[in-house]
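Just below is one structure, and these are the notes that go with it.
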Amino acid sequence: MKFPIIAVLLLTLSTALLKAELDAKYYEKTCPQIEDIISETVQSASKQDPKVPARILRMFFHDCFIRLFFHIYGYDYRDVMHQYCWIQLTNKAEKDGPPNLSVHSFYVIDDAKAKLEKAYPHIVSCADIIAIAARDVVTLSGGSSWEVLKGRKDGRISKASDTINLPAPTLNVTQLIQSFAKRGLSIKDLVTLSGGHTLGFSHCSSFQSRIHNFSFLHDIDPTLNIKFALELKNKCPNPNTTNPNAGEFLDSTASVFDNDYYTQILGGKGLFSSDQSLASDSRTRWIVEAFAKDPSVFFKEFADSMLKLGNVGVLENGEVRLNCKIVNS
């Protein structure tokens, strides 16, 4: 009977050793300038291209939702969770999956990585760079700040097919709750992190089904504010448009991190049906109303939920990439 007990103890110990212990001061001695280098890179890129903040924030969310961390660019930025594995195999990497084709701005992470490699070779993971950059773009856009926990490793696997795990803009509240729950995230986290849609722009393809031939009875989704819906139809007149510039901003202050997103969906102006559904379900509406009423409450909860998201499924049995696009030889 002793052998099974020992085997169980060894298995438990080995599993515990795989769990990364993240720490805000992880690089304090080995890379003291990490925050400054990443912040300067993000600020410079954002000045050149105002779309960068929204893209970096979206990158982090995708990173934490796919394999639990960094699979997008081929980036295995975390081995298990928004893993944006920057791996280059015969398979397409996650960055090539349909939901990630419009993320862009991977060059910002590459730039920060190159600077960090020059200053502190083979110390900082790509996974930690994206986590810090996501915090920086929120703060830079007028939102809250928080201490990012660090110590993630980069993974070794990335498949475009994994992007199917991302929540689609057509999901209802029950489906969204289930998707977030699989990652250990609560209903409050769901509503809070959805507020990241306060930044950014969407192409027509993500919402055109709401404004063209919605159902047998309605051409337009009846949950949409009718004036807003007609404006959208004017911008996206063809349900099969391929115009890369056609679309709509996610809220009326799309370059500023604020609580306008929640005000918009309470007024029937949620761009995605998944967003609008948050205002029509009793499990989520009260949170939407609280955030619309008080931006300070939203800011605090957003910082807390981002920390929680950044800790989902983090493992340390990975590597520190020398180049975020490829695994180490």
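A note on labels: chains of the structure tokens are A, B, ... as shown, every chain counts residues from 1, and ligands are counted from 1 in their shown order.
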* Within 12 Å of Cys236 in chain A, counting only C-alpha atoms, which residues qualify if same-chain residues fewer than 3 places away don't, as number ranges by chain? -> A: 202-212, 229-233, 239-248
Take the residues from that selection and write them out as an mmCIF file, in the first residue's frame, keeping C-alpha atoms.
```cif
data_model
loop_
_atom_site.group_PDB
_atom_site.id
_atom_site.type_symbol
_atom_site.label_atom_id
_atom_site.label_comp_id
_atom_site.auth_asym_id
_atom_site.auth_seq_id
_atom_site.Cartn_x
_atom_site.Cartn_y
_atom_site.Cartn_z
ATOM 1 C CA SER A 202 -14.663 46.790 -35.183
ATOM 2 C CA HIS A 203 -15.029 45.859 -38.843
ATOM 3 C CA CYS A 204 -18.511 45.349 -40.239
ATOM 4 C CA SER A 205 -18.138 41.577 -40.338
ATOM 5 C CA SER A 206 -18.401 41.325 -36.549
ATOM 6 C CA PHE A 207 -21.822 42.972 -36.299
ATOM 7 C CA GLN A 208 -23.354 43.002 -39.798
ATOM 8 C CA SER A 209 -25.721 40.127 -38.948
ATOM 9 C CA ARG A 210 -27.437 42.509 -36.512
ATOM 10 C CA ILE A 211 -28.215 45.135 -39.146
ATOM 11 C CA HIS A 212 -28.950 43.023 -42.238
ATOM 12 C CA ALA A 229 -28.639 50.793 -36.135
ATOM 13 C CA LEU A 230 -29.376 53.032 -39.125
ATOM 14 C CA GLU A 231 -26.026 54.752 -38.678
ATOM 15 C CA LEU A 232 -24.362 51.346 -38.736
ATOM 16 C CA LYS A 233 -26.245 50.364 -41.889
ATOM 17 C CA PRO A 239 -23.653 42.752 -45.748
ATOM 18 C CA ASN A 240 -20.738 41.190 -47.607
ATOM 19 C CA THR A 241 -18.471 44.232 -47.687
ATOM 20 C CA THR A 242 -14.734 43.619 -47.889
ATOM 21 C CA ASN A 243 -13.794 47.255 -47.346
ATOM 22 C CA PRO A 244 -11.012 47.083 -44.702
ATOM 23 C CA ASN A 245 -11.861 50.561 -43.435
ATOM 24 C CA ALA A 246 -15.607 50.043 -42.989
ATOM 25 C CA GLY A 247 -16.826 49.605 -39.438
ATOM 26 C CA GLU A 248 -17.546 51.385 -36.190
#
```
So that I can check the surroundings of range 225-227 of chain A, please list as a short mmCIF file (atom, residue, chain, number, x, y, z; two decimals) with C-alpha atoms, in the first residue's frame every protein, DNA and RNA residue that reaches within 12 Å of it, counting only C-alpha atoms and ignoring chain neighbours fewer than 4 positions away.
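Listing of around.cif after writing:
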```
data_model
loop_
_atom_site.label_atom_id
_atom_site.label_comp_id
_atom_site.auth_asym_id
_atom_site.auth_seq_id
_atom_site.Cartn_x
_atom_site.Cartn_y
_atom_site.Cartn_z
CA ARG A 210 -27.44 42.51 -36.51
CA ILE A 211 -28.22 45.13 -39.15
CA HIS A 218 -36.77 41.74 -38.23
CA ASP A 219 -34.21 43.12 -40.63
CA ILE A 220 -32.47 44.82 -37.69
CA ASP A 221 -31.83 43.35 -34.24
CA GLU A 231 -26.03 54.75 -38.68
CA LEU A 232 -24.36 51.35 -38.74
CA LYS A 233 -26.24 50.36 -41.89
CA ASN A 234 -25.03 53.55 -43.53
CA GLN A 264 -23.66 52.80 -24.51
CA ILE A 265 -25.05 49.32 -23.95
CA LEU A 266 -27.64 50.62 -21.49
CA GLY A 267 -28.79 52.86 -24.33
CA GLY A 268 -29.03 50.00 -26.81
CA LYS A 269 -25.77 50.91 -28.54
CA GLY A 270 -23.72 47.82 -27.83
CA LEU A 271 -21.95 47.02 -31.09
CA GLN A 276 -25.73 44.20 -25.64
#
```
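Considering only C-alpha atoms, the residue among A:Ile187, A:Ile132, A:Leu140, A:Ala114 positioned nearest to Ser282 in chain A is A:Ile187.
Of note, CA of Ser141 in chain A and CA of Ser46 in chain A are spaced 9.7 Å apart.
The neighbours of Leu250 in chain A here are the residues that come within 6 Å of it, using only C-alpha atoms and leaving out any residue fewer than 3 positions away in the same chain; they are His197, Gly200 and Phe201 of chain A.
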* Counting only C-alpha atoms, figure out which residue out of A:Gly184, A:Gly196, A:Gly151, A:Pro50 gets nearest to Tyr26 in chain A. => A:Gly151
* To do: Would you list, as number ranges by chain, the residues of range 189-250 of chain A that end up in strand (DSSP E) under DSSP run on this structure's backbone?
  => A: 201-203, 247-249
Resulting file, chosen residues, all heavy atoms, as a compact mmCIF listing (two decimals), in the first residue's frame:
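So again29.txt came out as:
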```txt
# COMPACT_ATOMS: atom_id res chain seq x y z
N PHE A 201 -11.92 49.53 -32.39
CA PHE A 201 -12.73 49.65 -33.59
C PHE A 201 -13.09 48.24 -34.07
O PHE A 201 -12.31 47.30 -33.91
CB PHE A 201 -11.90 50.36 -34.67
CG PHE A 201 -12.54 50.46 -36.02
CD1 PHE A 201 -13.35 51.55 -36.34
CD2 PHE A 201 -12.32 49.49 -37.00
CE1 PHE A 201 -13.92 51.66 -37.62
CE2 PHE A 201 -12.88 49.59 -38.26
CZ PHE A 201 -13.68 50.68 -38.56
N SER A 202 -14.27 48.09 -34.64
CA SER A 202 -14.66 46.79 -35.18
C SER A 202 -15.04 46.91 -36.66
O SER A 202 -15.70 47.86 -37.07
CB SER A 202 -15.86 46.22 -34.42
OG SER A 202 -16.32 45.02 -35.03
N HIS A 203 -14.63 45.92 -37.44
CA HIS A 203 -15.03 45.86 -38.84
C HIS A 203 -16.47 45.37 -38.94
O HIS A 203 -17.00 44.72 -38.03
CB HIS A 203 -14.09 44.94 -39.62
CG HIS A 203 -12.68 45.43 -39.65
ND1 HIS A 203 -12.29 46.52 -40.39
CD2 HIS A 203 -11.56 44.99 -39.01
CE1 HIS A 203 -11.00 46.73 -40.23
NE2 HIS A 203 -10.53 45.82 -39.39
N GLY A 247 -16.56 50.12 -40.77
CA GLY A 247 -16.83 49.60 -39.44
C GLY A 247 -17.24 50.70 -38.48
O GLY A 247 -17.67 51.78 -38.91
N GLU A 248 -17.10 50.44 -37.21
CA GLU A 248 -17.55 51.38 -36.19
C GLU A 248 -16.66 51.27 -34.95
O GLU A 248 -16.14 50.21 -34.63
CB GLU A 248 -19.00 51.08 -35.81
CG GLU A 248 -19.60 51.95 -34.71
CD GLU A 248 -19.64 53.43 -35.08
OE1 GLU A 248 -18.57 54.05 -35.06
OE2 GLU A 248 -20.74 53.94 -35.37
N PHE A 249 -16.50 52.40 -34.25
CA PHE A 249 -15.77 52.39 -32.99
C PHE A 249 -16.59 51.67 -31.93
O PHE A 249 -17.83 51.69 -31.97
CB PHE A 249 -15.45 53.81 -32.55
CG PHE A 249 -14.44 54.50 -33.43
CD1 PHE A 249 -14.83 55.48 -34.34
CD2 PHE A 249 -13.10 54.13 -33.38
CE1 PHE A 249 -13.90 56.10 -35.16
CE2 PHE A 249 -12.16 54.74 -34.21
CZ PHE A 249 -12.56 55.73 -35.10
```
* Structure fact -> One residue among A:Glu35, A:Glu319, A:Asp281, A:Asp258 is nearest to Ser296 in chain A when using only C-alpha atoms, and that residue is A:Asp258
* Interatomic distance between CA of Phe60 in chain A and CA of Leu171 in chain A? -> 20.2 Å
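Reported to one decimal place, the separation of CA of Ser105 in chain A from CA of Tyr261 in chain A is 23.1 Å.
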